[in-house]
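Undergrad: Here's a structure for you.
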Amino acid sequence: MPATILIGAQWGDEGKGRVADWLAAESDVVARYAGGDNAGHTIYVQGQVYKLHLIPSGILHSHVTCILGNGMVINPINLMKEIQSLQQAGVTVNPDNLQVSARAHLITPGHVALDAAAEADRGADKIGTTLRGIGPAYMDKTGRSGIRAGTMLDVEVYAQELEHHLLCVNEGLKSRGASIDVEQQGAASVAAAHFLRPYIKDTSRTLNEKLRAGARILCEGAQGTFLDVDHGDYPFVTSSSPTVGGALTGLGIGALSVDRVIGVAKAFSTRVGAGPMPTEMDEALSSRLRGTGENFWDEFGTTTRRPRRCGWLDLVTLRYATMINGFSELVLTKLDVLSGFESLQLATAYRIDDTEVDHIPVSTFEMLRAQPIYETVPGWSEAIDAVRTWSDLPQAAQHYIDRISTLVGVPIRTVSVGPERDQLVHR
Ligand code: GDP
Ligand code: IMO
Ligand code: MG
């Protein structure tokens with residue numbers, strides 16, 4: 001069975017984009033199933049850097065058909081800009097290799113304004129959203145008042161629905177003295193609709209026809225397991241389902257078409273935005289992992305440029321992510337960044353209010369109090385970014401990977417040792 005689902009095993013930014021770019025080489029279709037332009041997937045191809053927010057990472061392979069699935073929320077103006085900027089960079093993007101689900105919901109300028117307003121209302125308790133309008137767009141979807149991409153096929157109807165929606169949002173914003181310029185934003189959205197119309201299709205049909213014809217499909221996750229609205233650290237989550245079920249719902253494919261579920265985990269932990277992170281390090285260690293100068297590891301949000309919070313690898317969360325997603329394997333990224341530590345820490349359990357637990361507590365407030373219990377393992381001093389074979393990895397690096405695999409209970413066959421396309425080690 002030919003579908004693979006690729007899922008972030010932590011709090012996003014695990015390196016899904018670079019792993020999807022690798023797997024895309026052997027895929028016929030790459031499909032995003034959840035989230036919107038809150039995602040930022042970075043891919044290096046021979047020194048050229050691509051930062052994708054909405055378009056699947058398969059776009060950098062000319063043989064691949066890319067799909068934006070029905071589970072996504074799409075800002076049409078930003079999608080148009082992303083297509084145009086890729087085209088300007090010489091990447092082929094046209095309605096033959098990119099399809100947008102008519103059932104995907106649209107993010108409007110109203111949703112963006114409401115996201116900012118909700119965050120301002122939360123004050124010190126803010127989630128630290130990417131301010132891309134994600135939450136309000138999914139609220140309108142589940143509230144059955146959203147606008148779907150298919151509406152753009154009749155631009156006149158779309159313009160009317162959008163105007164009505166923006167006027168409603170303006171009513172709500174009145175008390176804050178804020179408002180959206182309905183005419184100007186409406187005109188920009190209508191221009192985007194004209195541009196995007198040829199891309200809008202019934203992508204569930206496309207995917208199922210391709211599956212029947214034996215095509216290999218890669219479902220590219222965005223965000224990560226602990227940002228999942230059901231399984232993550234609610235309320236410090238996004239509003240979609242980045243986990244395994246989200247791929248099926250968000251694309252309209254059957255469970256039996258999937259034979260691989262790959263989790264992507266960074267060799268340490270990072271989180272951007274608020275919420276629990278039991279293994280979070282102090283600022284000195286965090287900034288070492290973010291790097292400086294020549295060893296700048298770019299632990300800054302691709303979408304918002306906020307510095308990412310860094311921590312040791314948390315095996316309690318990885319075990320949970322493996323359990324709920326049913327990972328058949330893990331890919332470990334950014335192993336090169338750990339070179340030069342005398343020893344490394346792996347969190348194997350938590351202490352919560354004097355009780356030792358080996359699983360994620362149901363309550364996020366308990367999770368906020370969780371103190372990690374560490375196993376210390378030896379580090380390695382040598383740089384590994386030029387390593388391409390398992391046997392050339394330092395013994396301590398091999399041990400680190402094996403220990404993770406054993407304690408999580410899932411094989412690790414691929415690790416990345418740098419951001420470039422070829423900086424992968426397969427076992
Ligand atoms: P995604 O959202 O999961 O696709 O991850 P991001 O692209 O937001 O963040 C991952 C960052 O790590 C990007 O800047 C990648 O270029 C970079 N990266 C990915 N794999 C590696 C690696 O093995 N080593 C290093 N040094 N950087 C990597
Ligand atoms: P990729 O696909 C990391 C986080 C935000 C915030 C929370 C809610 O690049 O891994 P939202 O704007 O979605 O309402 O914000 O989710 N977040 C991400 N963090 N990587 C992402 O995507 C993220 N997408 C959302 O920082 O904490
Ligand atoms: Mg990212």
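Every chain in the structure tokens takes a letter, A first, then B, and so on in the order presented; its residues are numbered from 1, and the ligands are numbered from 1 following the presented order.
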Considering only C-alpha atoms, return as an MDAnalysis selection string whatever protein or nucleic-acid residues lie within 7 Å of stretch 33-41 of chain A, sequence-local ones (same chain, fewer than 4 positions apart) excluded.

TA: chainID A and resid 16:17 51:54 68:74 130 132 134 219:223 240:242 246:247 250:251 302:303

Undergrad: Please dump the current selection as a short mmCIF file (atom, residue, chain, number, x, y, z; two decimals), in the first residue's frame; keep C-alpha atoms.

TA:
data_model
loop_
_atom_site.label_atom_id
_atom_site.label_comp_id
_atom_site.auth_asym_id
_atom_site.auth_seq_id
_atom_site.Cartn_x
_atom_site.Cartn_y
_atom_site.Cartn_z
CA LYS A 16 9.76 17.76 8.52
CA GLY A 17 10.40 19.87 5.42
CA LYS A 51 11.10 28.43 3.10
CA LEU A 52 7.72 26.89 2.38
CA HIS A 53 4.64 27.81 4.39
CA LEU A 54 1.68 26.39 2.45
CA LEU A 68 -3.10 21.29 -0.41
CA GLY A 69 -5.68 19.10 1.29
CA ASN A 70 -9.14 19.83 2.65
CA GLY A 71 -7.83 19.80 6.24
CA MET A 72 -5.79 22.93 5.64
CA VAL A 73 -6.74 26.56 6.18
CA ILE A 74 -5.40 28.72 3.38
CA THR A 130 1.90 32.82 14.80
CA ARG A 132 -1.71 33.98 10.90
CA ILE A 134 -5.32 29.91 12.15
CA CYS A 219 1.33 13.03 3.44
CA GLU A 220 3.42 15.89 4.80
CA GLY A 221 2.52 16.91 8.31
CA ALA A 222 2.86 20.41 9.65
CA GLN A 223 3.18 21.47 13.31
CA SER A 240 -5.82 21.47 13.79
CA SER A 241 -4.94 17.76 13.99
CA PRO A 242 -1.32 17.30 12.91
CA GLY A 246 -5.65 14.35 10.68
CA ALA A 247 -3.91 13.02 7.59
CA GLY A 250 -7.47 16.18 5.99
CA LEU A 251 -6.98 14.43 2.65
CA THR A 302 10.71 30.17 10.17
CA THR A 303 7.40 32.01 10.16
#

Undergrad: Mind checking DSSP for stretch 54-162 of chain A and telling me the strand (DSSP E) residues as a list in words?

TA: Thr65, Cys66, Ile67, Leu68, Val73, Ile74, Leu98, Gln99, Val100, Ser101, His105 and Leu106 of chain A

Undergrad: Work out how far apart atom CA of A:Ile262 and atom CA of A:Glu329 are and give it in Å to one decimal.

TA: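 Computing it gives 5.3 Å between the two atoms.
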
Undergrad: Find, counting only C-alpha atoms, the residue in A:Gly245, A:Ala137, A:Lys201, A:Asp121 that gets nearest to A:Cys66.

TA: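 Among A:Gly245, A:Ala137, A:Lys201, A:Asp121, it is A:Lys201 that comes nearest to A:Cys66.
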
Undergrad: Take atom CA of A:Val64 and atom CA of A:Asn208 and report the distance between them in Å, one decimal.

TA: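 Distance between the two atoms: 15.8 Å.
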
Undergrad: Could you work out how far atom CA of A:Asp13 lies from atom CA of A:Val387, giving the answer in Å with one decimal?

TA: 22.9 Å

Undergrad: Show me which residues line ligand 1, defined as having an atom within 7 Å of a ligand atom where only C-alpha atoms and all ligand atoms count, and present them as JSON, numbers by chain.

TA: {"A": [8, 12, 13, 14, 15, 16, 17, 18, 39, 40, 41, 42, 43, 44, 222, 223, 297, 298, 299, 301, 302, 333, 334, 335, 336, 337, 416, 417, 418, 419, 423]}

Undergrad: Can you list, as a list in words, every protein, DNA or RNA residue that comes within 7 Å of stretch 378-383 of chain A when you count only C-alpha atoms, leaving out same-chain residues fewer than 2 positions away?

TA: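 Counting only C-alpha atoms, the residues come to Asp336, Ser339, Gly340, Phe341, Glu342, Ser343, Leu344, Thr376, Asp385, Pro394, Ala396 and Ala397 of chain A.
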
Undergrad: For the residues in that selection, give me C-alpha atoms as a short mmCIF file (atom, residue, chain, number, x, y, z; two decimals), in the first residue's frame.

TA:
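Saved file out.cif follows:
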data_model
loop_
_atom_site.label_atom_id
_atom_site.label_comp_id
_atom_site.auth_asym_id
_atom_site.auth_seq_id
_atom_site.Cartn_x
_atom_site.Cartn_y
_atom_site.Cartn_z
CA ASP A 336 25.28 17.52 14.17
CA SER A 339 28.70 17.68 18.66
CA GLY A 340 30.93 19.10 21.37
CA PHE A 341 28.89 18.23 24.46
CA GLU A 342 30.83 16.13 26.95
CA SER A 343 27.62 14.42 27.99
CA LEU A 344 23.98 14.53 26.90
CA THR A 376 23.10 10.85 31.22
CA ASP A 385 28.26 17.12 9.24
CA PRO A 394 31.26 8.40 16.47
CA ALA A 396 28.83 7.86 21.28
CA ALA A 397 26.54 9.19 18.54
#

Undergrad: Please, which residues of stretch 53-124 of chain A, numbered as in this document, come out helix (DSSP H, G or I) from DSSP, as a PyMOL selection string?

TA: chain A and resi 57-60+76-88+109-124

Undergrad: Find, counting only C-alpha atoms and all ligand atoms, the residue in A:Gly90, A:Gly224, A:Gly186, A:Gly47 that gets nearest to ligand 3.

TA: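 The shortest atom-to-atom distance to ligand 3 comes from A:Gly224.
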
Undergrad: Here is a test: counting only C-alpha atoms, which residue of A:Arg319, A:Arg122, A:Arg290, A:His63 is nearest to A:Val93?

TA: A:His63

Undergrad: May I ask which of the residues A:Val169, A:Val331, A:Met323, A:Ile384 is the closest one to A:Ala117, counting only C-alpha atoms?

TA: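 Looking only at the distances to A:Ala117, the closest residue turns out to be A:Val169.
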
Undergrad: Compare A:Asp422, A:Gly110, A:Arg308, A:Trp390 by their minimum atom-to-atom distance to ligand 3, counting only C-alpha atoms and all ligand atoms, and give me the closest one.

TA: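 Among the listed residues, A:Arg308 lies closest to ligand 3.
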
Undergrad: Select, from A:Pro372, A:Gly177, A:Pro235, A:Pro198, the residue with the minimum atom-to-atom distance to A:Gly135, counting only C-alpha atoms.

TA: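 Closest to A:Gly135, using only C-alpha atoms: A:Pro235.
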
Undergrad: For A:Gln84, list every protein, DNA or RNA residue within 12 Å, evaluated using only C-alpha atoms, and leave out those in the same chain fewer than 5 positions away; present the list as a list of chain:residue names.

TA: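 Skipping anything fewer than 5 positions along the chain leaves A:Ile55, A:Ile77, A:Asn78, A:Leu79, A:Ala89, A:Gly90, A:Val91, A:Thr92, A:Val93, A:Asn94, A:Ala192, A:Phe195, A:Leu196.
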
Undergrad: So that I can check the surroundings of A:Ser269, please list as a list in words every protein, DNA and RNA residue that reaches within 6 Å of it, counting only C-alpha atoms and ignoring chain neighbours fewer than 6 positions away.

TA: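 The residues that qualify are Cys310, Gly311, Trp312 and Leu313 of chain A.
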
Undergrad: Write the selection just made, keeping all heavy atoms, as a PDB file, in the first residue's frame?

TA:
ATOM      1  N   CYS A 310      14.816  25.921  23.816  1.00  0.00           N
ATOM      2  CA  CYS A 310      15.537  24.661  23.562  1.00  0.00           C
ATOM      3  C   CYS A 310      15.608  23.819  24.833  1.00  0.00           C
ATOM      4  O   CYS A 310      15.612  24.361  25.944  1.00  0.00           O
ATOM      5  CB  CYS A 310      16.956  24.941  23.082  1.00  0.00           C
ATOM      6  SG  CYS A 310      17.007  25.802  21.500  1.00  0.00           S
ATOM      7  N   GLY A 311      15.713  22.525  24.662  1.00  0.00           N
ATOM      8  CA  GLY A 311      15.819  21.624  25.806  1.00  0.00           C
ATOM      9  C   GLY A 311      16.420  20.285  25.385  1.00  0.00           C
ATOM     10  O   GLY A 311      16.583  20.015  24.192  1.00  0.00           O
ATOM     11  N   TRP A 312      16.743  19.454  26.390  1.00  0.00           N
ATOM     12  CA  TRP A 312      17.227  18.111  26.099  1.00  0.00           C
ATOM     13  C   TRP A 312      16.101  17.277  25.499  1.00  0.00           C
ATOM     14  O   TRP A 312      14.932  17.620  25.637  1.00  0.00           O
ATOM     15  CB  TRP A 312      17.741  17.445  27.378  1.00  0.00           C
ATOM     16  CG  TRP A 312      18.930  18.123  27.973  1.00  0.00           C
ATOM     17  CD1 TRP A 312      18.981  18.786  29.169  1.00  0.00           C
ATOM     18  CD2 TRP A 312      20.244  18.202  27.407  1.00  0.00           C
ATOM     19  NE1 TRP A 312      20.237  19.277  29.383  1.00  0.00           N
ATOM     20  CE2 TRP A 312      21.046  18.933  28.316  1.00  0.00           C
ATOM     21  CE3 TRP A 312      20.841  17.740  26.229  1.00  0.00           C
ATOM     22  CZ2 TRP A 312      22.395  19.208  28.087  1.00  0.00           C
ATOM     23  CZ3 TRP A 312      22.178  18.016  25.992  1.00  0.00           C
ATOM     24  CH2 TRP A 312      22.943  18.730  26.908  1.00  0.00           C
ATOM     25  N   LEU A 313      16.484  16.189  24.889  1.00  0.00           N
ATOM     26  CA  LEU A 313      15.489  15.317  24.258  1.00  0.00           C
ATOM     27  C   LEU A 313      14.588  14.688  25.334  1.00  0.00           C
ATOM     28  O   LEU A 313      15.074  14.184  26.347  1.00  0.00           O
ATOM     29  CB  LEU A 313      16.182  14.228  23.440  1.00  0.00           C
ATOM     30  CG  LEU A 313      15.242  13.435  22.536  1.00  0.00           C
ATOM     31  CD1 LEU A 313      14.609  14.319  21.482  1.00  0.00           C
ATOM     32  CD2 LEU A 313      15.998  12.299  21.843  1.00  0.00           C
TER      33      LEU A 313
END
